[in-house]
>>> print(open('final_33.txt').read())   # compact mmCIF, C-alpha atoms
# COMPACT_ATOMS: atom_id res chain seq x y z
CA MET A 1 -9.91 -54.82 -19.12
CA PHE A 2 -7.46 -56.46 -21.55
CA ARG A 3 -9.52 -59.49 -22.59
CA SER A 4 -9.26 -58.76 -26.34
CA LEU A 5 -5.49 -59.26 -26.10
CA ALA A 6 -6.17 -62.96 -25.55
CA VAL A 7 -6.95 -63.09 -29.30
CA ARG A 8 -3.66 -63.63 -31.12
CA ASN A 9 -4.60 -61.69 -34.25
CA TYR A 10 -5.76 -58.68 -32.25
CA ARG A 11 -2.67 -58.84 -30.03
CA LEU A 12 -0.48 -58.53 -33.12
CA PHE A 13 -2.64 -55.72 -34.50
CA ALA A 14 -2.61 -53.75 -31.22
CA ALA A 15 1.18 -54.00 -30.91
CA GLY A 16 1.68 -52.79 -34.47
CA GLN A 17 -0.78 -49.93 -34.00
CA LEU A 18 0.94 -48.79 -30.80
CA VAL A 19 4.25 -48.39 -32.66
CA SER A 20 2.57 -46.78 -35.67
CA ASN A 21 0.47 -44.36 -33.58
CA THR A 22 3.61 -43.07 -31.88
CA GLY A 23 5.21 -42.55 -35.29
CA THR A 24 2.09 -40.81 -36.61
CA TRP A 25 2.04 -38.32 -33.73
CA MET A 26 5.76 -37.72 -34.27
CA GLN A 27 5.07 -36.91 -37.92
CA ARG A 28 2.21 -34.54 -37.01
CA ILE A 29 4.53 -32.45 -34.86
CA ALA A 30 7.34 -32.61 -37.45
CA GLN A 31 4.95 -31.64 -40.26
CA ASP A 32 3.62 -28.61 -38.37
CA TRP A 33 7.13 -27.51 -37.48
CA LEU A 34 8.31 -27.98 -41.06
CA VAL A 35 5.45 -25.86 -42.43
CA LEU A 36 6.22 -23.07 -39.98
CA GLN A 37 9.89 -23.15 -40.95
CA LEU A 38 9.25 -23.17 -44.70
CA SER A 39 6.52 -20.51 -44.58
CA GLY A 40 8.20 -18.08 -42.22
CA GLY A 41 5.84 -18.86 -39.36
CA SER A 42 2.59 -18.51 -41.33
CA GLY A 43 -0.49 -19.57 -39.39
CA MET A 44 -2.44 -19.57 -42.66
CA ALA A 45 -0.04 -22.11 -44.18
CA LEU A 46 -0.37 -24.29 -41.10
CA GLY A 47 -4.17 -24.13 -41.24
CA LEU A 48 -4.20 -24.91 -44.96
CA THR A 49 -2.06 -28.01 -44.38
CA THR A 50 -4.52 -29.31 -41.78
CA ALA A 51 -7.49 -28.50 -44.02
CA LEU A 52 -5.96 -30.33 -46.99
CA GLN A 53 -5.41 -33.42 -44.86
CA PHE A 54 -9.07 -33.47 -43.75
CA LEU A 55 -10.60 -32.36 -47.07
CA PRO A 56 -10.54 -35.83 -48.75
CA MET A 57 -12.62 -37.27 -45.90
CA LEU A 58 -15.27 -34.63 -46.52
CA LEU A 59 -15.22 -35.14 -50.30
CA PHE A 60 -14.75 -38.90 -50.67
CA GLY A 61 -15.49 -40.40 -47.23
CA LEU A 62 -18.71 -42.13 -48.32
CA TRP A 63 -17.01 -43.66 -51.35
CA GLY A 64 -14.26 -45.01 -49.08
CA GLY A 65 -16.83 -46.82 -46.96
CA THR A 66 -18.38 -48.39 -50.08
CA LEU A 67 -14.96 -49.69 -51.15
CA VAL A 68 -14.35 -51.16 -47.69
CA ASP A 69 -17.66 -53.06 -47.82
CA ARG A 70 -16.68 -54.57 -51.18
CA LEU A 71 -13.12 -55.75 -50.41
CA ALA A 72 -11.25 -57.94 -47.93
CA LYS A 73 -10.27 -55.61 -45.10
CA ARG A 74 -6.94 -57.19 -44.14
CA ARG A 75 -5.68 -56.99 -47.73
CA LEU A 76 -6.96 -53.43 -48.01
CA LEU A 77 -5.11 -52.42 -44.85
CA ILE A 78 -1.85 -53.86 -46.15
CA ILE A 79 -2.21 -51.59 -49.20
CA THR A 80 -3.19 -48.42 -47.31
CA GLN A 81 -0.57 -48.82 -44.59
CA SER A 82 2.11 -49.40 -47.24
CA LEU A 83 1.07 -46.24 -49.07
CA MET A 84 1.21 -44.22 -45.85
CA GLY A 85 4.71 -45.48 -45.17
CA VAL A 86 5.84 -44.58 -48.70
CA LEU A 87 4.44 -41.04 -48.37
CA ALA A 88 6.31 -40.51 -45.09
CA LEU A 89 9.50 -41.89 -46.65
CA LEU A 90 9.33 -39.62 -49.72
CA LEU A 91 8.66 -36.50 -47.66
CA GLY A 92 11.53 -37.38 -45.32
CA VAL A 93 13.91 -37.78 -48.27
CA LEU A 94 12.83 -34.39 -49.67
CA VAL A 95 13.47 -32.68 -46.33
CA ILE A 96 16.87 -34.30 -45.77
CA ALA A 97 17.90 -33.39 -49.33
CA GLY A 98 17.00 -29.75 -48.62
CA ALA A 99 14.52 -29.69 -51.52
CA ALA A 100 11.25 -29.49 -49.56
CA GLN A 101 8.95 -26.55 -50.19
CA VAL A 102 5.62 -25.63 -48.63
CA TRP A 103 3.64 -26.83 -51.66
CA HIS A 104 5.31 -30.24 -51.32
CA VAL A 105 3.88 -30.55 -47.80
CA TYR A 106 0.44 -29.52 -49.13
CA VAL A 107 0.57 -32.29 -51.75
CA PHE A 108 1.69 -34.93 -49.26
CA ALA A 109 -0.95 -33.85 -46.72
CA PHE A 110 -3.70 -34.15 -49.35
CA ALA A 111 -2.36 -37.52 -50.56
CA LEU A 112 -2.29 -38.81 -46.97
CA GLY A 113 -5.90 -37.65 -46.61
CA ILE A 114 -6.87 -39.62 -49.74
CA VAL A 115 -5.38 -42.82 -48.31
CA THR A 116 -7.07 -42.15 -44.95
CA VAL A 117 -10.47 -42.13 -46.71
CA VAL A 118 -10.11 -45.90 -47.17
CA ASP A 119 -7.78 -46.75 -44.30
CA ASN A 120 -9.96 -45.29 -41.55
CA PRO A 121 -13.19 -47.26 -42.13
CA ALA A 122 -11.12 -50.35 -42.98
CA ARG A 123 -9.33 -50.23 -39.61
CA GLN A 124 -12.57 -49.52 -37.74
CA THR A 125 -14.46 -52.44 -39.28
CA PHE A 126 -11.51 -54.87 -39.23
CA VAL A 127 -11.60 -54.92 -35.42
CA VAL A 128 -14.84 -56.91 -35.29
CA GLU A 129 -13.36 -59.49 -37.69
CA MET A 130 -10.50 -60.07 -35.25
CA VAL A 131 -12.36 -60.24 -31.92
CA GLY A 132 -16.04 -60.79 -32.81
CA GLN A 133 -19.03 -58.84 -31.55
CA ARG A 134 -18.72 -59.93 -27.91
CA ASP A 135 -15.36 -58.21 -27.36
CA LEU A 136 -15.75 -55.42 -29.90
CA SER A 137 -16.37 -52.70 -27.31
CA ASN A 138 -13.29 -53.78 -25.35
CA ALA A 139 -11.09 -53.85 -28.47
CA ILE A 140 -12.24 -50.38 -29.58
CA ALA A 141 -11.42 -49.02 -26.12
CA LEU A 142 -7.97 -50.62 -26.19
CA ASN A 143 -7.39 -49.12 -29.66
CA SER A 144 -8.21 -45.71 -28.21
CA ALA A 145 -5.88 -46.34 -25.27
CA GLY A 146 -3.05 -47.14 -27.70
CA PHE A 147 -3.83 -43.99 -29.67
CA GLN A 148 -3.67 -41.88 -26.51
CA MET A 149 -0.38 -43.48 -25.47
CA GLY A 150 1.02 -42.48 -28.85
CA ARG A 151 -0.43 -39.01 -28.33
CA VAL A 152 1.49 -38.70 -25.06
CA ALA A 153 4.80 -40.20 -26.21
CA GLY A 154 4.96 -39.13 -29.89
CA PRO A 155 5.06 -35.32 -29.51
CA ALA A 156 7.58 -35.50 -26.66
CA VAL A 157 9.92 -37.75 -28.67
CA ALA A 158 9.42 -35.68 -31.83
CA GLY A 159 10.30 -32.44 -30.02
CA LEU A 160 13.59 -33.90 -28.79
CA LEU A 161 14.47 -35.39 -32.19
CA ILE A 162 13.60 -32.24 -34.16
CA ALA A 163 15.82 -30.20 -31.86
CA ALA A 164 18.65 -32.73 -32.17
CA ILE A 165 18.57 -33.89 -35.82
CA GLY A 166 15.83 -31.95 -37.63
CA SER A 167 12.42 -32.81 -39.10
CA GLY A 168 13.57 -35.05 -41.97
CA PRO A 169 14.67 -38.05 -39.90
CA VAL A 170 11.38 -37.92 -37.95
CA PHE A 171 9.47 -38.57 -41.20
CA LEU A 172 11.80 -41.51 -41.92
CA LEU A 173 11.18 -42.94 -38.45
CA ASN A 174 7.44 -42.72 -39.03
CA ALA A 175 7.89 -44.55 -42.35
CA LEU A 176 9.79 -47.25 -40.46
CA SER A 177 6.99 -47.53 -37.89
CA PHE A 178 4.61 -48.81 -40.57
CA VAL A 179 6.79 -51.92 -40.85
CA ALA A 180 5.40 -52.97 -37.45
CA VAL A 181 1.81 -52.76 -38.73
CA LEU A 182 2.60 -54.60 -41.96
CA ALA A 183 4.44 -57.32 -40.03
CA ALA A 184 1.45 -57.71 -37.70
CA LEU A 185 -0.99 -58.00 -40.61
CA GLY A 186 1.31 -60.49 -42.35
CA LEU A 187 1.69 -62.70 -39.25
CA MET A 188 -2.05 -63.01 -38.63
CA ARG A 189 -3.84 -66.32 -39.06
CA PRO A 190 -6.57 -65.66 -41.67
CA ARG A 191 -8.52 -68.79 -40.67
CA GLU A 192 -9.09 -67.28 -37.19
CA LEU A 193 -10.69 -64.10 -38.58
CA ARG A 194 -14.48 -63.71 -38.51
CA ILE A 195 -14.58 -62.37 -42.05
CA THR A 196 -17.66 -60.41 -43.06
CA GLU A 197 -19.02 -61.48 -46.43
CA PRO A 198 -18.14 -58.67 -48.90
CA ALA A 199 -21.07 -56.76 -50.35
CA PRO A 200 -21.53 -57.73 -54.03
CA ARG A 201 -20.48 -54.97 -56.40
CA SER A 202 -23.45 -53.08 -57.85
CA LYS A 203 -24.43 -49.60 -58.92
CA GLY A 204 -25.66 -47.11 -56.36
CA GLN A 205 -24.07 -48.75 -53.30
CA THR A 206 -23.05 -45.41 -51.78
CA LEU A 207 -26.61 -44.10 -52.16
CA GLU A 208 -27.84 -47.39 -50.71
CA GLY A 209 -25.75 -46.68 -47.61
CA LEU A 210 -27.21 -43.18 -47.34
CA ARG A 211 -30.74 -44.55 -47.65
CA TYR A 212 -30.00 -47.17 -45.00
CA VAL A 213 -28.89 -44.54 -42.49
CA ALA A 214 -31.79 -42.24 -43.45
CA SER A 215 -34.20 -45.10 -42.67
CA ARG A 216 -32.78 -45.26 -39.14
CA PRO A 217 -33.82 -42.10 -37.25
CA ASP A 218 -31.77 -43.26 -34.25
CA LEU A 219 -28.57 -43.27 -36.35
CA VAL A 220 -29.42 -39.89 -37.90
CA LEU A 221 -29.86 -38.31 -34.46
CA LEU A 222 -26.65 -39.89 -33.14
CA LEU A 223 -24.73 -38.61 -36.18
CA LEU A 224 -26.09 -35.11 -35.58
CA MET A 225 -25.04 -35.31 -31.95
CA THR A 226 -21.56 -36.58 -32.93
CA GLY A 227 -21.11 -33.69 -35.36
CA LEU A 228 -22.03 -31.04 -32.77
CA VAL A 229 -19.84 -32.61 -30.08
CA GLN A 230 -16.89 -32.90 -32.46
CA MET A 231 -17.32 -29.39 -33.85
CA PHE A 232 -16.08 -28.06 -30.51
CA GLY A 233 -14.65 -31.10 -28.72
CA ALA A 234 -12.18 -31.85 -31.51
CA ASN A 235 -10.89 -28.26 -31.27
CA LEU A 236 -10.34 -28.36 -27.53
CA GLN A 237 -6.57 -28.36 -28.11
CA ASN A 238 -6.83 -24.93 -29.75
CA GLN A 239 -8.98 -23.63 -26.90
CA ILE A 240 -6.49 -24.93 -24.34
CA ALA A 241 -3.74 -23.01 -26.16
CA LEU A 242 -5.82 -19.81 -26.19
CA MET A 243 -6.66 -20.10 -22.48
CA THR A 244 -3.07 -20.86 -21.51
CA ASN A 245 -1.51 -18.05 -23.55
CA ASN A 246 -4.14 -15.30 -23.59
CA VAL A 247 -5.90 -15.73 -20.23
CA PHE A 248 -3.33 -17.22 -17.85
CA ARG A 249 -0.33 -15.64 -19.62
CA ALA A 250 1.66 -18.87 -19.26
CA GLY A 251 4.36 -20.19 -21.59
CA ALA A 252 4.82 -23.15 -23.91
CA ASP A 253 5.73 -25.45 -21.03
CA ALA A 254 2.39 -24.72 -19.37
CA PHE A 255 0.58 -25.43 -22.63
CA GLY A 256 2.42 -28.74 -22.95
CA PHE A 257 1.45 -29.69 -19.39
CA ALA A 258 -2.21 -28.83 -20.07
CA ALA A 259 -2.18 -30.85 -23.30
CA ALA A 260 -0.67 -33.77 -21.39
CA ALA A 261 -3.44 -33.52 -18.77
CA ILE A 262 -6.20 -33.96 -21.36
CA ALA A 263 -4.23 -36.83 -22.94
CA VAL A 264 -3.86 -38.58 -19.58
CA GLY A 265 -7.59 -38.19 -18.96
CA SER A 266 -8.31 -39.61 -22.41
CA LEU A 267 -6.08 -42.61 -21.70
CA LEU A 268 -7.88 -43.25 -18.40
CA GLY A 269 -11.23 -42.93 -20.18
CA ALA A 270 -10.20 -45.48 -22.78
CA LEU A 271 -9.06 -47.95 -20.12
CA TYR A 272 -12.28 -47.42 -18.16
CA SER A 273 -14.28 -48.11 -21.32
CA ALA A 274 -12.32 -51.34 -21.83
CA ARG A 275 -13.73 -52.75 -18.58
CA ARG A 276 -17.33 -52.73 -19.84
CA GLU A 277 -18.85 -55.83 -21.42
CA GLN A 278 -21.24 -54.09 -23.84
CA PRO A 279 -21.67 -50.50 -25.06
CA ARG A 280 -24.70 -48.69 -23.70
CA LEU A 281 -26.32 -45.55 -25.11
CA ARG A 282 -26.65 -44.08 -21.62
CA LEU A 283 -22.83 -43.96 -21.44
CA VAL A 284 -22.70 -42.20 -24.82
CA PHE A 285 -24.98 -39.47 -23.49
CA ALA A 286 -23.34 -39.32 -20.06
CA GLY A 287 -19.87 -38.97 -21.58
CA ALA A 288 -20.88 -36.25 -24.06
CA PHE A 289 -22.88 -34.26 -21.49
CA VAL A 290 -20.23 -34.41 -18.77
CA MET A 291 -17.53 -33.39 -21.26
CA GLY A 292 -19.58 -30.39 -22.42
CA PHE A 293 -20.51 -29.38 -18.87
CA LEU A 294 -16.91 -29.55 -17.64
CA GLN A 295 -15.67 -27.66 -20.69
CA ALA A 296 -18.18 -24.86 -20.05
CA ALA A 297 -17.38 -24.83 -16.31
CA SER A 298 -13.60 -24.73 -16.94
CA ALA A 299 -14.07 -21.43 -18.79
CA PHE A 300 -14.67 -19.82 -15.38
CA SER A 301 -11.56 -21.32 -13.75
CA PRO A 302 -9.99 -18.73 -11.44
CA GLY A 303 -6.47 -19.90 -12.21
CA TYR A 304 -4.29 -22.16 -14.35
CA VAL A 305 -4.11 -25.02 -11.82
CA THR A 306 -7.89 -25.42 -11.49
CA PHE A 307 -8.17 -25.27 -15.28
CA VAL A 308 -5.67 -28.11 -15.74
CA VAL A 309 -7.34 -30.20 -13.02
CA ALA A 310 -10.65 -29.98 -14.93
CA LEU A 311 -9.00 -31.29 -18.10
CA VAL A 312 -8.41 -34.79 -16.71
CA PRO A 313 -12.08 -35.73 -16.10
CA MET A 314 -12.92 -33.92 -19.34
CA GLY A 315 -10.64 -36.34 -21.19
CA ILE A 316 -12.20 -39.31 -19.37
CA ALA A 317 -15.71 -38.20 -20.37
CA TYR A 318 -14.74 -37.52 -23.99
CA LEU A 319 -13.16 -40.94 -24.55
CA THR A 320 -16.13 -42.63 -22.85
CA PHE A 321 -18.38 -40.90 -25.37
CA HIS A 322 -16.15 -41.69 -28.37
CA THR A 323 -15.38 -45.36 -27.73
CA THR A 324 -18.96 -46.22 -26.74
CA MET A 325 -20.48 -44.39 -29.72
CA ASN A 326 -18.08 -46.19 -32.09
CA ALA A 327 -19.09 -49.59 -30.70
CA VAL A 328 -22.81 -48.72 -30.77
CA PHE A 329 -22.61 -47.89 -34.47
CA GLN A 330 -20.71 -51.04 -35.40
CA LEU A 331 -22.95 -53.39 -33.43
CA SER A 332 -26.30 -51.89 -34.43
CA VAL A 333 -26.01 -52.08 -38.23
CA ASP A 334 -26.13 -54.74 -40.93
CA PRO A 335 -22.59 -56.23 -41.26
CA GLN A 336 -22.61 -55.68 -45.05
CA MET A 337 -23.38 -51.99 -44.42
CA ARG A 338 -20.78 -51.56 -41.69
CA GLY A 339 -18.10 -49.97 -43.88
CA ARG A 340 -20.49 -47.39 -45.35
CA VAL A 341 -22.08 -46.58 -42.00
CA MET A 342 -18.68 -46.20 -40.31
CA SER A 343 -17.48 -43.96 -43.14
CA MET A 344 -20.47 -41.70 -42.42
CA TYR A 345 -19.67 -41.82 -38.71
CA MET A 346 -16.02 -40.90 -39.37
CA LEU A 347 -17.19 -38.16 -41.75
CA PHE A 348 -19.04 -36.51 -38.86
CA PHE A 349 -16.39 -37.45 -36.29
CA LEU A 350 -13.39 -36.12 -38.24
CA GLY A 351 -15.01 -33.78 -40.74
CA MET A 352 -16.50 -31.34 -38.21
CA ALA A 353 -13.10 -30.38 -36.77
CA PRO A 354 -12.15 -28.07 -39.69
CA VAL A 355 -15.65 -26.56 -39.56
CA GLY A 356 -15.42 -25.80 -35.86
CA ALA A 357 -11.86 -24.41 -35.89
CA PRO A 358 -12.70 -21.00 -37.43
CA VAL A 359 -15.81 -20.73 -35.22
CA VAL A 360 -13.68 -21.26 -32.11
CA GLY A 361 -11.14 -18.74 -33.39
CA PHE A 362 -13.79 -16.12 -34.22
CA LEU A 363 -15.44 -16.40 -30.81
CA ALA A 364 -12.07 -16.18 -29.04
CA ASP A 365 -10.92 -13.15 -31.06
CA THR A 366 -14.25 -11.33 -30.74
CA PHE A 367 -15.44 -12.18 -27.23
CA GLY A 368 -12.38 -13.72 -25.56
CA PRO A 369 -11.17 -17.29 -24.93
CA ARG A 370 -13.35 -17.78 -21.85
CA LEU A 371 -16.59 -17.23 -23.76
CA SER A 372 -15.32 -19.34 -26.66
CA LEU A 373 -14.62 -22.22 -24.28
CA ALA A 374 -17.97 -21.79 -22.50
CA VAL A 375 -19.93 -21.86 -25.77
CA GLY A 376 -17.82 -24.79 -26.95
CA GLY A 377 -19.00 -26.77 -23.92
CA ALA A 378 -22.61 -25.56 -23.81
CA VAL A 379 -23.39 -26.58 -27.41
CA PRO A 380 -22.42 -30.28 -27.01
CA ALA A 381 -24.19 -30.46 -23.64
CA ALA A 382 -27.39 -28.96 -25.07
CA ALA A 383 -27.20 -31.18 -28.18
CA THR A 384 -26.83 -34.24 -25.96
CA LEU A 385 -29.91 -33.37 -23.93
CA LEU A 386 -31.95 -32.63 -27.07
CA VAL A 387 -31.00 -35.84 -28.90
CA GLY A 388 -31.48 -37.88 -25.73
CA ALA A 389 -34.98 -36.46 -25.27
CA LEU A 390 -35.90 -37.17 -28.90
CA LEU A 391 -34.67 -40.77 -28.72
CA CYS A 392 -36.46 -41.37 -25.42
CA ARG A 393 -39.69 -40.06 -26.93
CA ARG A 394 -39.30 -42.19 -30.05
CA PHE A 395 -38.66 -45.42 -28.14
CA GLY A 396 -41.02 -44.71 -25.23
CA VAL A 397 -38.15 -44.62 -22.74
CA ARG A 398 -38.62 -42.93 -19.34
CA LEU A 399 -35.76 -41.86 -17.09
CA ARG A 400 -36.05 -41.44 -13.32
CA LEU A 401 -33.21 -39.97 -11.26
CA THR A 402 -32.41 -41.62 -7.91
CA PRO A 403 -29.37 -39.65 -6.71
CA LEU A 404 -29.30 -41.26 -3.26
CA ARG A 405 -29.01 -44.89 -4.37
CA ARG A 406 -27.74 -47.03 -7.22
CA PRO A 407 -28.53 -47.11 -10.05
CA PHE A 408 -28.61 -43.32 -10.08
CA VAL A 409 -30.64 -43.33 -13.33
CA ARG A 410 -33.48 -45.82 -13.66
CA VAL A 411 -34.68 -46.63 -17.18
CA SER A 412 -38.09 -47.99 -18.12
CA GLN A 413 -39.65 -48.52 -21.53
CA ASP A 414 -43.19 -48.62 -22.85
CA THR A 415 -43.56 -52.18 -24.14
CA LYS A 416 -45.81 -50.91 -26.94
CA THR A 417 -42.90 -48.94 -28.41
CA GLN A 418 -40.19 -51.02 -30.03
CA PRO A 419 -36.76 -49.67 -31.03
CA ALA A 420 -35.95 -49.48 -34.72
>>> encode(input="final_33.txt", output="structure tokens")
Amino acid sequence: MFRSLAVRNYRLFAAGQLVSNTGTWMQRIAQDWLVLQLSGGSGMALGLTTALQFLPMLLFGLWGGTLVDRLAKRRLLIITQSLMGVLALLLGVLVIAGAAQVWHVYVFAFALGIVTVVDNPARQTFVVEMVGQRDLSNAIALNSAGFQMGRVAGPAVAGLLIAAIGSGPVFLLNALSFVAVLAALGLMRPRELRITEPAPRSKGQTLEGLRYVASRPDLVLLLLMTGLVQMFGANLQNQIALMTNNVFRAGADAFGFAAAAIAVGSLLGALYSARREQPRLRLVFAGAFVMGFLQAASAFSPGYVTFVVALVPMGIAYLTFHTTMNAVFQLSVDPQMRGRVMSMYMLFFLGMAPVGAPVVGFLADTFGPRLSLAVGGAVPAAATLLVGALLCRRFGVRLRLTPLRRPFVRVSQDTKTQPA
């Protein structure tokens, strides 16, 4: 399960990321709380802050992937992580000085989004340079496990600190957490990295990346599936809040417990994914379908307890889908295209959340949270079945269910049909 940690460079990276992820989740809570305080509790201001942070990925995500393919990833990460730390430091100073206004938070959120355009694909593609292709799937899963640990610890710590000393010091602590990442990057042994040869600079490289993906129908279908799953799966937190407050009439503590349940499931899913040697497409489809099915089924939960119980396996299924899909994309493309392809993957993975949020809200306001949650699960499940059927047809793959003995799904392929 933890075999990637045997690699010294990755061990340093994982430790730094664990500290930084906790700080990042602390800042997310502090930023939301700060916006609510400065805006008089405006939900519109809170939504605009989130949108501004995601907007750069939608506008410039493909360009970020091109830049990552051209430059040394470790050096690029030192720059982006330093910039993120500086942004957190400046916002913290503004808050402590009592000079922060809502528009300041908007500017910092957008600036953080700009840095993320480059940082995200750089971090994703740097993993394979540390551990190689053999352990890539394991390392991606361990990264996700660290992210989920930060997701569990960060908000809890932030809530206590905000109540005790205010939002400003939380931003400063997040700025300090980037020192751990920078120290890890600085202590690495460059000669032990499996550095990908940078793509030579030339005109039209972003379009070249688009053409490369367009020439791979399998990647196009998987991107479409990722977008539909994320459109609703990434907004599950909002749906949990709506179900807890509007359906079960429970308080903030119940919402926090439900959010923790999905986080625990996600952590277990990441650790389960770490045990596998190689990513398999069947796990991508199984994870996405099970997540959608459980989400739709949980809409009919008779009570709060059964709803929360369903969230744990839902988190396991979602992280199985995410970590396996990430590894499949990285291992199935030309190394010199990896940055551009991963930027497109992250565009669909992160960029569909702001698109799905108003859809979830509209369905909940118009038809109720239960129907919103049911539709939010049915769409990913249906998309998974459709894309799976199209890929099976393209590659001549036949599936046969054997529910009474292992393997439960038997796969055969027409030898006349070769995968792209």
>>> residues_around(input="final_33.txt", residues="stretch 4-21 of chain A", least_positions_apart="3", cutoff="9 Å", atoms="all atoms listed in the file", output="JSON, numbers by chain")
{"A": [1, 24, 25, 26, 127, 130, 131, 135, 136, 138, 139, 142, 143, 146, 147, 148, 149, 150, 151, 154, 174, 175, 176, 177, 178, 179, 180, 181, 182, 183, 184, 185, 187, 188, 189, 190, 192, 193]}
>>> residues_around(input="final_33.txt", residues="A:Val86", least_positions_apart="2", cutoff="10 Å", atoms="only C-alpha atoms", output="list in words")
Thr80, Gln81, Ser82, Leu83, Met84, Ala88, Leu89, Leu90, Leu91, Gly92, Leu172, Asn174, Ala175, Leu176 and Phe178 of chain A
>>> closest_residue(input="final_33.txt", among="A:Ile29, A:Met291, A:Val305, A:Leu173", to="A:Pro380", atoms="all atoms listed in the file")
A:Met291
>>> atom_distance(input="final_33.txt", atom1="atom CA of A:Leu224", atom2="atom CA of A:Phe307")
28.8 Å
>>> closest_residue(input="final_33.txt", among="A:Ala310, A:Met346, A:Leu390, A:Ala296", to="A:Gly376", atoms="all atoms listed in the file")
A:Ala296
>>> build_atoms(input="final_33.txt", residues="stretch 19-35 of chain A", atoms="N, CA and C atoms", output="PDB file, in the coordinates of the input")
ATOM      1  N   VAL A  19       3.018 -48.927 -32.055  1.00  0.00           N
ATOM      2  CA  VAL A  19       4.250 -48.390 -32.660  1.00  0.00           C
ATOM      3  C   VAL A  19       3.904 -47.348 -33.714  1.00  0.00           C
ATOM      4  N   SER A  20       2.937 -47.669 -34.576  1.00  0.00           N
ATOM      5  CA  SER A  20       2.570 -46.780 -35.670  1.00  0.00           C
ATOM      6  C   SER A  20       1.935 -45.477 -35.159  1.00  0.00           C
ATOM      7  N   ASN A  21       1.093 -45.563 -34.127  1.00  0.00           N
ATOM      8  CA  ASN A  21       0.470 -44.360 -33.580  1.00  0.00           C
ATOM      9  C   ASN A  21       1.512 -43.390 -33.036  1.00  0.00           C
ATOM     10  N   THR A  22       2.539 -43.929 -32.382  1.00  0.00           N
ATOM     11  CA  THR A  22       3.610 -43.070 -31.880  1.00  0.00           C
ATOM     12  C   THR A  22       4.319 -42.376 -33.042  1.00  0.00           C
ATOM     13  N   GLY A  23       4.582 -43.136 -34.110  1.00  0.00           N
ATOM     14  CA  GLY A  23       5.210 -42.550 -35.290  1.00  0.00           C
ATOM     15  C   GLY A  23       4.334 -41.505 -35.954  1.00  0.00           C
ATOM     16  N   THR A  24       3.025 -41.767 -35.994  1.00  0.00           N
ATOM     17  CA  THR A  24       2.090 -40.810 -36.610  1.00  0.00           C
ATOM     18  C   THR A  24       2.061 -39.496 -35.856  1.00  0.00           C
ATOM     19  N   TRP A  25       2.027 -39.559 -34.522  1.00  0.00           N
ATOM     20  CA  TRP A  25       2.040 -38.320 -33.730  1.00  0.00           C
ATOM     21  C   TRP A  25       3.369 -37.609 -33.861  1.00  0.00           C
ATOM     22  N   MET A  26       4.460 -38.345 -34.015  1.00  0.00           N
ATOM     23  CA  MET A  26       5.760 -37.720 -34.270  1.00  0.00           C
ATOM     24  C   MET A  26       5.730 -36.954 -35.588  1.00  0.00           C
ATOM     25  N   GLN A  27       5.125 -37.567 -36.616  1.00  0.00           N
ATOM     26  CA  GLN A  27       5.070 -36.910 -37.920  1.00  0.00           C
ATOM     27  C   GLN A  27       4.176 -35.667 -37.864  1.00  0.00           C
ATOM     28  N   ARG A  28       3.083 -35.717 -37.104  1.00  0.00           N
ATOM     29  CA  ARG A  28       2.210 -34.540 -37.010  1.00  0.00           C
ATOM     30  C   ARG A  28       2.965 -33.335 -36.476  1.00  0.00           C
ATOM     31  N   ILE A  29       3.755 -33.549 -35.435  1.00  0.00           N
ATOM     32  CA  ILE A  29       4.530 -32.450 -34.860  1.00  0.00           C
ATOM     33  C   ILE A  29       5.589 -31.986 -35.853  1.00  0.00           C
ATOM     34  N   ALA A  30       6.281 -32.955 -36.491  1.00  0.00           N
ATOM     35  CA  ALA A  30       7.340 -32.610 -37.450  1.00  0.00           C
ATOM     36  C   ALA A  30       6.756 -31.872 -38.656  1.00  0.00           C
ATOM     37  N   GLN A  31       5.578 -32.290 -39.108  1.00  0.00           N
ATOM     38  CA  GLN A  31       4.950 -31.640 -40.260  1.00  0.00           C
ATOM     39  C   GLN A  31       4.572 -30.197 -39.941  1.00  0.00           C
ATOM     40  N   ASP A  32       3.969 -29.982 -38.764  1.00  0.00           N
ATOM     41  CA  ASP A  32       3.620 -28.610 -38.370  1.00  0.00           C
ATOM     42  C   ASP A  32       4.848 -27.736 -38.257  1.00  0.00           C
ATOM     43  N   TRP A  33       5.900 -28.277 -37.658  1.00  0.00           N
ATOM     44  CA  TRP A  33       7.130 -27.510 -37.480  1.00  0.00           C
ATOM     45  C   TRP A  33       7.778 -27.198 -38.834  1.00  0.00           C
ATOM     46  N   LEU A  34       7.735 -28.173 -39.729  1.00  0.00           N
ATOM     47  CA  LEU A  34       8.310 -27.980 -41.060  1.00  0.00           C
ATOM     48  C   LEU A  34       7.564 -26.877 -41.820  1.00  0.00           C
ATOM     49  N   VAL A  35       6.246 -26.890 -41.747  1.00  0.00           N
ATOM     50  CA  VAL A  35       5.450 -25.860 -42.430  1.00  0.00           C
ATOM     51  C   VAL A  35       5.777 -24.484 -41.888  1.00  0.00           C
TER      52      VAL A  35
END
